[in-house]
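A.B. asks: Dropping in data-v9.cif, which is mmCIF, C-alpha atoms and all ligand atoms:
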```cif
data_target
#
loop_
_atom_site.label_atom_id
_atom_site.label_comp_id
_atom_site.auth_asym_id
_atom_site.auth_seq_id
_atom_site.Cartn_x
_atom_site.Cartn_y
_atom_site.Cartn_z
CA MET K 1 0.00 0.00 0.00
CA ASP K 2 1.23 3.42 -0.85
CA LYS K 3 0.95 6.05 1.80
CA ASN K 4 1.97 9.15 0.08
CA GLU K 5 0.06 9.59 -3.09
CA GLY K 6 -2.78 12.00 -3.46
CA SER K 7 -5.54 12.77 -5.86
CA GLN K 8 -5.88 14.71 -9.05
CA SER K 9 -9.03 16.67 -9.85
CA LYS K 10 -10.15 16.73 -13.46
CA ALA K 11 -8.96 20.27 -14.12
CA GLY K 12 -6.10 20.06 -11.60
CA PRO K 13 -4.47 22.94 -9.78
CA GLU K 14 -2.38 25.42 -11.72
CA SER K 15 1.32 24.63 -12.11
CA PRO K 16 3.62 26.95 -10.20
CA LYS K 17 6.07 29.26 -11.97
CA PRO K 18 9.19 28.73 -9.88
CA LEU K 19 11.29 31.28 -11.79
CA GLU K 20 8.77 34.13 -11.56
CA ASN K 21 10.55 37.46 -10.92
CA LYS K 22 13.91 36.06 -12.04
CA THR K 23 15.89 37.49 -14.90
CA ILE K 24 18.09 34.98 -16.68
CA VAL K 25 20.59 36.07 -19.28
CA LEU K 26 21.06 33.13 -21.64
CA GLY K 27 24.13 33.21 -23.86
CA ILE K 28 24.00 30.92 -26.88
CA THR K 29 27.20 30.23 -28.83
CA GLY K 30 28.12 28.56 -32.10
CA SER K 31 27.53 24.88 -31.47
CA ILE K 32 25.17 22.39 -33.08
CA ALA K 33 23.63 22.19 -29.59
CA ALA K 34 22.37 25.78 -30.12
CA TYR K 35 18.94 24.35 -30.97
CA LYS K 36 18.85 22.87 -27.47
CA GLY K 37 19.64 26.35 -26.17
CA ALA K 38 16.40 27.42 -27.87
CA ASP K 39 14.47 24.70 -26.02
CA LEU K 40 16.15 25.82 -22.79
CA ALA K 41 15.05 29.43 -23.45
CA SER K 42 11.49 28.20 -23.98
CA ARG K 43 11.41 26.10 -20.81
CA LEU K 44 12.85 28.88 -18.66
CA THR K 45 10.25 31.27 -20.07
CA GLN K 46 7.50 28.76 -19.25
CA GLU K 47 8.79 28.63 -15.67
CA GLY K 48 8.12 32.36 -15.42
CA ALA K 49 11.64 33.77 -15.93
CA VAL K 50 12.39 36.85 -18.01
CA VAL K 51 14.92 35.36 -20.43
CA GLU K 52 17.28 37.80 -22.10
CA VAL K 53 19.02 35.96 -24.91
CA VAL K 54 22.43 37.03 -26.14
CA MET K 55 23.63 35.22 -29.27
CA THR K 56 27.10 35.23 -30.73
CA LYS K 57 27.58 35.70 -34.45
CA GLU K 58 28.47 32.00 -34.77
CA ALA K 59 25.31 30.92 -32.92
CA GLN K 60 23.29 32.67 -35.60
CA GLU K 61 24.71 30.24 -38.17
CA PHE K 62 22.76 27.50 -36.38
CA ILE K 63 19.59 29.22 -35.20
CA THR K 64 18.08 32.65 -35.71
CA PRO K 65 17.43 35.51 -33.27
CA VAL K 66 13.86 35.54 -34.61
CA ALA K 67 13.26 32.04 -33.19
CA LEU K 68 14.68 33.00 -29.80
CA GLY K 69 12.69 36.23 -29.75
CA ALA K 70 9.48 34.31 -30.42
CA LEU K 71 10.23 31.74 -27.70
CA THR K 72 11.13 34.30 -25.03
CA ARG K 73 8.82 37.11 -26.19
CA ARG K 74 11.79 39.44 -25.67
CA PRO K 75 14.18 41.26 -27.99
CA VAL K 76 17.33 39.23 -28.57
CA VAL K 77 20.80 40.76 -28.37
CA SER K 78 22.67 39.64 -31.43
CA ASP K 79 24.82 42.60 -32.41
CA MET K 80 27.11 44.62 -30.13
CA PHE K 81 27.47 47.57 -32.42
CA HIS K 82 23.80 47.94 -33.12
CA HIS K 83 23.21 48.53 -29.40
CA ALA K 84 26.29 50.69 -28.95
CA ALA K 85 24.91 52.88 -31.71
CA SER K 86 21.69 53.35 -29.76
CA HIS K 87 23.74 54.59 -26.75
CA GLN K 88 22.93 51.59 -24.58
CA ILE K 89 25.73 49.68 -23.02
CA THR K 90 23.76 46.47 -23.23
CA HIS K 91 26.27 44.12 -21.68
CA VAL K 92 26.61 46.25 -18.54
CA ASN K 93 22.84 46.58 -18.19
CA LEU K 94 22.25 42.89 -18.79
CA GLY K 95 24.99 41.85 -16.40
CA GLN K 96 23.52 44.02 -13.67
CA LYS K 97 19.90 42.98 -14.04
CA ALA K 98 20.62 39.25 -14.31
CA ASP K 99 19.92 37.00 -11.35
CA ILE K 100 22.12 34.49 -13.18
CA VAL K 101 24.03 34.43 -16.46
CA VAL K 102 23.90 31.05 -18.23
CA VAL K 103 26.03 30.20 -21.25
CA ALA K 104 24.42 27.18 -22.91
CA PRO K 105 25.79 25.80 -25.12
CA ALA K 106 29.32 27.10 -24.54
CA THR K 107 32.02 26.27 -27.10
CA ALA K 108 35.70 25.70 -26.24
CA ASN K 109 36.34 29.05 -27.89
CA ILE K 110 34.00 31.05 -25.64
CA ILE K 111 35.38 29.26 -22.58
CA ALA K 112 38.92 30.22 -23.66
CA LYS K 113 37.91 33.87 -24.09
CA LEU K 114 36.21 34.02 -20.71
CA ALA K 115 39.17 32.37 -18.99
CA ALA K 116 41.49 34.93 -20.58
CA GLY K 117 39.18 37.85 -19.74
CA ILE K 118 38.65 38.76 -23.39
CA GLY K 119 35.42 40.63 -24.03
CA ASP K 120 35.03 41.15 -27.73
CA ASP K 121 31.32 40.65 -28.23
CA GLU K 122 28.10 41.25 -26.33
CA LEU K 123 28.13 37.85 -24.63
CA THR K 124 31.72 37.80 -23.37
CA CYS K 125 31.34 41.43 -22.23
CA THR K 126 28.12 40.55 -20.35
CA VAL K 127 29.79 37.65 -18.54
CA LEU K 128 32.83 39.77 -17.69
CA ALA K 129 30.66 42.66 -16.47
CA THR K 130 28.29 40.71 -14.24
CA GLN K 131 28.42 40.37 -10.46
CA SER K 132 25.79 37.63 -10.59
CA PRO K 133 26.45 33.87 -10.59
CA VAL K 134 27.58 32.43 -13.92
CA LEU K 135 26.70 28.91 -15.10
CA ILE K 136 28.34 27.35 -18.14
CA ALA K 137 27.08 24.28 -20.03
CA PRO K 138 29.88 23.24 -22.42
CA ALA K 139 29.27 21.42 -25.70
CA MET K 140 32.20 20.36 -27.86
CA HIS K 141 34.02 17.44 -29.38
CA ALA K 142 35.60 15.09 -26.81
CA ALA K 143 39.12 15.82 -28.06
CA MET K 144 38.60 19.55 -27.55
CA TYR K 145 37.06 19.02 -24.14
CA LEU K 146 39.89 16.76 -22.98
CA ASN K 147 42.56 19.11 -24.37
CA ARG K 148 44.82 20.45 -21.61
CA VAL K 149 44.14 24.04 -22.59
CA THR K 150 40.37 23.60 -22.31
CA GLN K 151 40.74 21.77 -19.00
CA ASP K 152 43.00 24.56 -17.67
CA ASN K 153 40.49 27.19 -18.82
CA ILE K 154 37.63 25.39 -17.09
CA GLY K 155 39.77 25.06 -13.95
CA ARG K 156 40.55 28.79 -13.96
CA LEU K 157 36.89 29.73 -14.37
CA LYS K 158 35.89 27.36 -11.55
CA GLU K 159 38.51 28.96 -9.31
CA ARG K 160 36.84 32.28 -10.00
CA GLY K 161 33.50 30.91 -8.84
CA VAL K 162 31.97 30.04 -12.20
CA SER K 163 29.74 26.93 -12.06
CA PHE K 164 29.63 24.23 -14.71
CA VAL K 165 26.93 21.73 -15.62
CA GLY K 166 28.11 18.89 -17.84
CA PRO K 167 29.37 18.10 -20.33
CA VAL K 168 28.25 14.49 -20.20
CA GLU K 169 29.43 11.39 -22.03
CA GLY K 170 27.41 10.35 -25.00
CA ARG K 171 26.97 10.64 -28.71
CA LEU K 172 28.65 13.71 -30.17
CA ALA K 173 27.71 15.57 -33.34
CA SER K 174 30.68 13.93 -35.06
CA GLY K 175 29.05 10.53 -34.54
CA HIS K 176 31.67 9.55 -31.96
CA PHE K 177 31.01 8.79 -28.31
CA GLY K 178 32.79 10.54 -25.48
CA PRO K 179 32.68 13.43 -23.04
CA GLY K 180 31.65 16.77 -24.49
CA ARG K 181 27.94 16.27 -24.98
CA PHE K 182 25.69 19.14 -23.90
CA ALA K 183 24.00 18.37 -20.54
CA GLU K 184 20.28 17.61 -20.56
CA ASN K 185 18.19 20.76 -20.29
CA THR K 186 16.42 19.30 -17.26
CA ASP K 187 19.79 19.16 -15.49
CA ILE K 188 20.74 22.68 -16.62
CA ILE K 189 17.42 23.94 -15.23
CA GLY K 190 18.10 21.98 -12.02
CA ALA K 191 21.52 23.62 -11.74
CA ILE K 192 19.93 27.07 -12.25
CA HIS K 193 17.40 26.39 -9.48
CA GLN K 194 20.15 25.15 -7.19
CA ILE K 195 22.34 28.20 -7.75
CA LEU K 196 19.45 30.65 -7.34
CA GLY K 197 18.49 28.91 -4.08
CA ARG K 198 21.98 28.77 -2.59
CA LYS K 199 21.16 31.30 0.11
CA GLY K 200 17.72 29.84 0.87
CA ASN K 201 16.47 29.06 4.37
CA LEU K 202 17.92 25.53 4.31
CA ALA K 203 21.41 26.70 3.28
CA GLY K 204 24.03 24.48 4.88
CA LYS K 205 21.44 22.03 6.24
CA ARG K 206 21.70 18.31 5.50
CA ILE K 207 18.36 16.82 4.60
CA VAL K 208 17.65 13.15 3.92
CA VAL K 209 14.53 12.31 1.91
CA THR K 210 13.16 8.86 1.06
CA ALA K 211 10.95 8.02 -1.91
CA GLY K 212 9.25 5.21 -3.78
CA GLY K 213 7.87 1.83 -2.79
CA THR K 214 10.30 -0.79 -1.57
CA GLN K 215 10.54 -4.13 -3.39
CA GLU K 216 10.55 -7.28 -1.28
CA PRO K 217 11.81 -10.33 -3.22
CA ILE K 218 9.87 -13.56 -3.49
CA ASP K 219 12.50 -15.23 -5.66
CA PRO K 220 15.23 -13.87 -8.00
CA VAL K 221 12.55 -12.77 -10.49
CA ARG K 222 9.45 -11.71 -8.50
CA TYR K 223 8.89 -9.23 -5.76
CA ILE K 224 6.14 -7.60 -3.69
CA THR K 225 5.80 -3.84 -4.00
CA ASN K 226 3.19 -1.05 -3.97
CA ARG K 227 1.95 1.72 -6.23
CA SER K 228 4.17 4.52 -4.97
CA SER K 229 5.51 6.59 -7.87
CA GLY K 230 8.14 8.40 -5.79
CA LYS K 231 6.93 11.76 -7.11
CA MET K 232 6.27 13.28 -3.68
CA GLY K 233 9.72 12.37 -2.34
CA PHE K 234 11.47 13.53 -5.50
CA ALA K 235 9.59 16.84 -5.36
CA ILE K 236 10.68 17.34 -1.75
CA ALA K 237 14.30 16.54 -2.59
CA ALA K 238 14.34 19.11 -5.42
CA ALA K 239 12.56 21.73 -3.31
CA ALA K 240 15.06 21.27 -0.44
CA ARG K 241 17.93 21.61 -2.93
CA ASP K 242 16.37 24.85 -4.14
CA ARG K 243 16.51 26.24 -0.59
CA GLY K 244 20.23 25.57 -0.33
CA ALA K 245 20.11 22.19 1.45
CA GLU K 246 22.59 19.40 0.88
CA VAL K 247 20.18 16.63 -0.03
CA THR K 248 20.50 12.85 0.05
CA LEU K 249 17.63 11.05 -1.65
CA VAL K 250 17.28 7.40 -0.67
CA THR K 251 14.97 5.88 -3.23
CA ALA K 252 13.35 2.57 -3.97
CA PRO K 253 13.07 1.80 -7.71
CA VAL K 254 11.03 4.49 -9.52
CA SER K 255 10.85 5.68 -13.11
CA LEU K 256 11.82 9.28 -12.38
CA ALA K 257 14.97 11.15 -13.38
CA ALA K 258 17.30 11.92 -10.47
CA PRO K 259 17.08 15.62 -9.56
CA TYR K 260 20.31 17.42 -10.48
CA GLY K 261 22.56 18.27 -7.56
CA VAL K 262 21.05 15.74 -5.16
CA LYS K 263 23.00 12.75 -3.85
CA ILE K 264 20.99 9.70 -4.82
CA VAL K 265 21.17 6.33 -3.07
CA ARG K 266 19.24 3.56 -4.78
CA VAL K 267 17.86 0.67 -2.74
CA ASN K 268 15.39 -2.16 -3.29
CA THR K 269 14.20 -3.55 0.02
CA ALA K 270 13.04 -1.99 3.29
CA ALA K 271 16.11 -3.50 4.97
CA GLU K 272 18.41 -1.77 2.45
CA MET K 273 16.48 1.46 2.88
CA PHE K 274 16.95 1.23 6.65
CA GLU K 275 20.70 0.80 6.24
CA ALA K 276 20.97 3.70 3.77
CA VAL K 277 18.83 6.00 5.93
CA ALA K 278 20.89 5.16 9.03
CA ALA K 279 24.12 5.97 7.17
CA ALA K 280 22.80 9.19 5.62
CA THR K 281 21.24 10.53 8.82
CA ALA K 282 24.46 10.09 10.84
CA SER K 283 25.16 13.75 10.09
CA ALA K 284 21.71 15.03 9.08
CA ASP K 285 19.57 17.91 10.30
CA GLY K 286 16.33 16.46 9.01
CA LEU K 287 14.74 13.22 7.73
CA ILE K 288 11.62 13.25 5.57
CA MET K 289 10.24 9.73 5.05
CA ALA K 290 8.04 10.01 1.98
CA ALA K 291 8.76 6.42 0.94
CA ALA K 292 6.06 3.78 1.06
CA VAL K 293 8.07 1.22 3.00
CA ALA K 294 6.69 -2.31 2.75
CA ASP K 295 5.33 -3.44 6.10
CA TYR K 296 6.37 -7.03 5.37
CA HIS K 297 9.00 -9.03 3.55
CA VAL K 298 8.94 -12.66 2.45
CA ALA K 299 10.35 -14.56 5.41
CA SER K 300 12.60 -16.73 3.26
CA ALA K 301 12.86 -15.63 -0.34
CA ALA K 302 13.63 -18.54 -2.70
CA ALA K 303 17.19 -18.70 -4.02
CA ASN K 304 15.95 -20.03 -7.37
CA LYS K 305 12.97 -19.16 -9.51
CA ILE K 306 9.82 -20.79 -8.15
CA LYS K 307 8.25 -23.23 -10.65
CA ARG K 308 4.50 -23.29 -11.25
CA GLU K 309 4.53 -27.12 -11.12
CA ARG K 310 4.73 -26.71 -7.35
CA GLY K 311 0.99 -25.98 -7.33
CA THR K 312 -0.49 -23.90 -4.50
CA LEU K 313 2.06 -21.55 -3.05
CA THR K 314 1.93 -20.04 0.40
CA LEU K 315 4.23 -17.17 1.27
CA GLU K 316 5.12 -16.43 4.85
CA LEU K 317 5.52 -12.71 5.47
CA ALA K 318 7.60 -11.31 8.31
CA PRO K 319 7.28 -7.70 9.53
CA ASN K 320 9.84 -5.10 8.52
CA PRO K 321 11.28 -2.78 11.16
CA ASP K 322 9.84 0.73 11.22
CA ILE K 323 12.68 2.88 9.90
CA LEU K 324 11.31 6.21 11.09
CA GLU K 325 10.63 4.89 14.58
CA SER K 326 13.92 3.07 15.02
CA VAL K 327 16.58 5.16 13.31
CA LYS K 328 18.77 6.87 15.89
CA GLY K 329 19.83 10.48 15.95
CA ASP K 330 18.89 14.00 16.94
CA PHE K 331 17.40 15.40 13.73
CA ALA K 332 14.00 16.73 12.75
CA ARG K 333 11.67 13.89 11.73
CA VAL K 334 8.88 14.17 9.21
CA GLY K 335 6.62 11.22 8.41
CA PHE K 336 3.71 10.55 6.09
CA ALA K 337 0.42 8.83 6.91
CA ALA K 338 -2.16 7.64 4.42
CA GLU K 339 -5.45 6.95 6.13
CA SER K 340 -8.83 5.86 4.88
CA GLU K 341 -10.68 6.80 8.09
CA ASN K 342 -10.24 9.10 11.08
CA LEU K 343 -7.45 10.93 9.28
CA ILE K 344 -6.44 13.41 11.94
CA GLU K 345 -6.82 11.02 14.87
CA ASN K 346 -4.79 8.24 13.23
CA ALA K 347 -2.14 10.61 11.92
CA ARG K 348 -1.77 12.15 15.39
CA LYS K 349 -1.32 8.67 16.91
CA LYS K 350 1.50 7.99 14.44
CA LEU K 351 3.06 11.38 15.13
CA GLU K 352 3.22 10.51 18.82
CA LYS K 353 4.17 6.84 18.50
CA LYS K 354 7.04 7.57 16.11
CA ARG K 355 8.02 10.75 18.04
CA LEU K 356 7.83 12.90 14.92
CA ASP K 357 8.04 16.66 14.60
CA LEU K 358 5.62 16.73 11.69
CA ILE K 359 3.33 14.30 9.91
CA VAL K 360 1.84 14.73 6.45
CA ALA K 361 -1.61 13.12 6.43
CA ASN K 362 -3.37 11.95 3.28
CA ASP K 363 -7.06 11.05 3.34
CA ILE K 364 -7.03 8.36 0.67
CA SER K 365 -10.80 7.76 0.91
CA ALA K 366 -11.61 11.39 0.09
CA THR K 367 -9.65 11.46 -3.12
CA ASP K 368 -10.85 10.43 -6.55
CA SER K 369 -7.60 9.10 -7.98
CA GLY K 370 -4.17 8.87 -6.54
CA PHE K 371 -1.02 6.94 -7.25
CA GLY K 372 1.26 8.57 -9.72
CA SER K 373 -0.61 11.87 -9.61
CA ASP K 374 1.27 15.14 -9.88
CA ASN K 375 -1.01 16.59 -7.21
CA ASN K 376 -1.67 15.86 -3.59
CA ARG K 377 -4.13 16.92 -0.90
CA VAL K 378 -2.70 16.73 2.58
CA THR K 379 -3.07 17.95 6.14
CA LEU K 380 0.08 18.87 8.07
CA LEU K 381 0.10 18.09 11.81
CA SER K 382 2.96 19.15 13.99
CA ALA K 383 4.08 17.93 17.38
CA GLY K 384 3.10 21.32 18.84
CA GLY K 385 -0.54 20.69 17.86
CA LYS K 386 -0.76 22.93 14.79
CA VAL K 387 -3.04 21.53 12.08
CA GLU K 388 -2.86 22.90 8.54
CA ASP K 389 -5.35 21.62 5.99
CA LEU K 390 -4.09 22.22 2.45
CA PRO K 391 -6.18 22.16 -0.74
CA LEU K 392 -5.32 19.97 -3.73
CA LEU K 393 -1.95 21.29 -4.91
CA PRO K 394 0.87 20.24 -7.25
CA LYS K 395 3.35 18.05 -5.39
CA SER K 396 6.06 20.68 -5.90
CA VAL K 397 3.91 23.16 -3.95
CA VAL K 398 3.07 20.60 -1.25
CA ALA K 399 6.82 19.98 -0.97
CA ASP K 400 7.42 23.66 -0.31
CA ARG K 401 4.70 23.82 2.35
CA ILE K 402 6.26 20.81 4.11
CA LEU K 403 9.68 22.49 3.99
CA ASP K 404 8.22 25.74 5.38
CA ARG K 405 7.15 23.70 8.39
CA LEU K 406 10.47 21.88 8.57
CA VAL K 407 12.24 25.25 8.72
CA SER K 408 10.02 26.23 11.70
CA VAL K 409 10.85 22.93 13.41
CA LEU K 410 14.58 23.49 12.88
CA ARG K 411 14.26 27.01 14.29
CA GLU K 412 12.49 25.66 17.37
CA LYS K 413 15.30 23.13 17.77
CA GLY K 414 17.77 26.01 17.93
CA HIS K 415 19.19 25.84 14.41
CA SER K 416 20.29 29.15 12.94
CA ILE K 417 18.32 29.80 9.75
CA HIS K 418 19.23 32.45 7.19
O1 LIG B 1 2.60 3.52 10.22
P1 LIG B 1 2.71 3.90 8.79
O2 LIG B 1 3.36 2.82 7.97
O3 LIG B 1 1.43 4.39 8.17
O4 LIG B 1 3.70 5.16 8.82
C1 LIG B 1 4.05 5.81 7.69
C2 LIG B 1 5.36 6.54 7.87
O5 LIG B 1 6.34 5.70 8.44
C3 LIG B 1 5.92 6.99 6.55
O6 LIG B 1 6.63 8.20 6.73
C4 LIG B 1 6.83 5.84 6.18
O7 LIG B 1 7.86 6.25 5.29
C5 LIG B 1 7.38 5.41 7.54
N1 LIG B 1 7.70 3.97 7.64
C6 LIG B 1 8.97 3.57 7.97
N2 LIG B 1 9.29 2.25 8.06
C7 LIG B 1 8.33 1.31 7.87
C8 LIG B 1 7.02 1.69 7.53
C9 LIG B 1 6.73 3.02 7.44
O8 LIG B 1 9.83 4.42 8.16
N3 LIG B 1 8.67 0.02 7.97
#
```
Kindly transcribe the structure held in the file into structure tokens.
C.D. replies:
Amino acid sequence: MDKNEGSQSKAGPESPKPLENKTIVLGITGSIAAYKGADLASRLTQEGAVVEVVMTKEAQEFITPVALGALTRRPVVSDMFHHAASHQITHVNLGQKADIVVVAPATANIIAKLAAGIGDDELTCTVLATQSPVLIAPAMHAAMYLNRVTQDNIGRLKERGVSFVGPVEGRLASGHFGPGRFAENTDIIGAIHQILGRKGNLAGKRIVVTAGGTQEPIDPVRYITNRSSGKMGFAIAAAARDRGAEVTLVTAPVSLAAPYGVKIVRVNTAAEMFEAVAAATASADGLIMAAAVADYHVASAAANKIKRERGTLTLELAPNPDILESVKGDFARVGFAAESENLIENARKKLEKKRLDLIVANDISATDSGFGSDNNRVTLLSAGGKVEDLPLLPKSVVADRILDRLVSVLREKGHSIH
């Protein structure tokens, strides 16, 4: 049984715009990955950011300023002298108004110029003029990436506080495989969120989150599991990252991409999850158990595949230990409770029995769908007696509400919070 999934109404609540009020300067340079830079511009715009695109001359050989202007609904900077002529020092203005400057894709050439402090076009001048964080997503042939000069240039930029995302190993435009491939846009967006949230109210805090439904083997091929999608736990992990936390995500098998910038520990069984949680919480400030941990495991799983010729099969199930109740340590504890009756009363009992600081209660009987949904309807109960009934919300918003409460718990425990 899954404990942490909620419902989805037919229309569903509106998706949040996590980059609302942020200005992102996106530099696109002359790489075949420039078309992915266009997709990145579109996705950042959809997340609510004001995206100011600066294209080099070479980038315009691959994709046009018209396309970027249409995607961002903003004028695109594509010519230094055009703007100089109109008495605007664009690169200084852009550098100052940016919350972050992202160069994606970045060629070896642009990286070399930035490392050397050469500003000879609008993009390099913007990067050199900004006081804001800079994120670079390189894209180049493996041989160029592995070249000593490129490596030295990247090293110098890192020393100066520039962040990098990718490149990753994979298929390159040349048809070869190797390092140099442009990072996935999802990861670039994750890195942007992480950098923008560096000084958030969980900065410097170590948070452990669990997700997914554990798998308890019957034999080498079969297992017992539940319908947990892991979405709630993954949303919490990403939201904690975006408040500056150092996040470890202990997850049972799920079909979700690992959030960028989060340490991921993959487990199968409840016993493995217990071990991983115990190790990760040794130095943690908070544990959020969003996983649907199996209550039972097969007492003696078969070493070989069970044959149907055996006829009727009876499995003996033995209880699993309660991770949340038994894991040792002085950190804030957040649990989940899915109840089909007496929601508040049963959730409160669990809060007390497991000595939790906060419990997230789900009334599974009141919801029309559930597992795998992007939305959740929960009530938050804290040890102090506060009850907060939330409407149906996207899981990313529920995650933030849970973390708001976690921050209060940490404050009460004497943690200093920014
Ligand atoms: O008692 P119940 O299983 O409903 O409690 C749910 C909470 O306890 C969840 O946060 C779940 O992750 C956690 N749990 C656990 N270890 C178990 C079973 C549940 O940590 N064996």
A.B. asks: Can I get the residues of chain K within 6 Å of ligand LIG 1 (chain B), each with the closest pair of atoms and their distance in Å to one decimal, using all atoms listed in the file, sorted chain first then ascending number, as JSON lines?
C.D. replies:
```
{"residue": "K:Met289", "atom": "CA", "partner": "B:LIG1", "partner_atom": "O7", "distance": 4.2}
{"residue": "K:Ala290", "atom": "CA", "partner": "B:LIG1", "partner_atom": "O7", "distance": 5.0}
{"residue": "K:Ala291", "atom": "CA", "partner": "B:LIG1", "partner_atom": "O7", "distance": 4.4}
{"residue": "K:Ala292", "atom": "CA", "partner": "B:LIG1", "partner_atom": "O7", "distance": 5.2}
{"residue": "K:Val293", "atom": "CA", "partner": "B:LIG1", "partner_atom": "C8", "distance": 4.7}
{"residue": "K:Asp295", "atom": "CA", "partner": "B:LIG1", "partner_atom": "N3", "distance": 5.2}
{"residue": "K:Asn320", "atom": "CA", "partner": "B:LIG1", "partner_atom": "N3", "distance": 5.3}
{"residue": "K:Pro321", "atom": "CA", "partner": "B:LIG1", "partner_atom": "N3", "distance": 5.0}
{"residue": "K:Asp322", "atom": "CA", "partner": "B:LIG1", "partner_atom": "N3", "distance": 3.5}
{"residue": "K:Ile323", "atom": "CA", "partner": "B:LIG1", "partner_atom": "O8", "distance": 3.7}
{"residue": "K:Leu324", "atom": "CA", "partner": "B:LIG1", "partner_atom": "O8", "distance": 3.7}
{"residue": "K:Gly335", "atom": "CA", "partner": "B:LIG1", "partner_atom": "O6", "distance": 3.5}
{"residue": "K:Phe336", "atom": "CA", "partner": "B:LIG1", "partner_atom": "O6", "distance": 3.8}
{"residue": "K:Ala337", "atom": "CA", "partner": "B:LIG1", "partner_atom": "O3", "distance": 4.7}
```
A.B. asks: I want to know what sits within 12 Å of K:Leu351, based on all atoms listed in the file, with residues of the same chain fewer than 2 positions away left out; could you give that as a list in words?
C.D. replies: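 Once the nearby chain positions are removed, what remains is Leu324, Glu325, Arg333, Val334, Gly335, Phe336, Ala337, Ile344, Glu345, Asn346, Ala347, Arg348, Lys349, Lys353, Lys354, Arg355, Leu356, Asp357, Leu358, Ile359, Val360, Ala361, Leu380, Leu381, Ser382, Ala383, Gly384 and Gly385 of chain K.
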A.B. asks: Within 12 Å of K:Gln151, counting only C-alpha atoms, which residues show up once you throw out same-chain ones fewer than 6 positions away? Write them as a VMD selection string, please.
C.D. replies: chain K and resid 108 111 to 112 115 138 142 to 145 157 to 158 180
A.B. asks: Can you tell me, as an MDAnalysis selection string, what residues are no more than 8 Å from K:Leu410 when counting only C-alpha atoms, ignoring any on the same chain fewer than 5 positions away?
C.D. replies: chainID K and resid 285 332 415 417
A.B. asks: Identify which of the residues K:Lys231, K:Lys22, K:Arg241, K:Lys413 lies closest to K:Ala257, counting all atoms listed in the file when measuring atom-to-atom distances.
C.D. replies: K:Lys231
A.B. asks: Residues within 8 Å of K:Lys395, please, as a ChimeraX atom specification. Count all atoms listed in the file; anything in the same chain fewer than 5 positions from it doesn't count.
C.D. replies: /K:231-232,235,374-376
A.B. asks: One decimal, in Å: what's the spacing between atom CA of K:Asn109 and atom CA of K:Gly178?
C.D. replies: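 Atom-to-atom, atom CA of K:Asn109 to atom CA of K:Gly178, that is 19.0 Å.
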A.B. asks: Set the distance at 10 Å and use all atoms listed in the file: which residues neighbour K:Gly190 once local chain neighbours fewer than 2 positions away are removed? I'd like the list as a list in words.
C.D. replies: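 Within the cut-off, the hits are Val165, Glu184, Asn185, Thr186, Asp187, Ile188, Ile192, His193, Gln194, Ile195, Leu196, Ala238, Arg241, Asp242, Pro259, Tyr260, Gly261 and Val262 of chain K.
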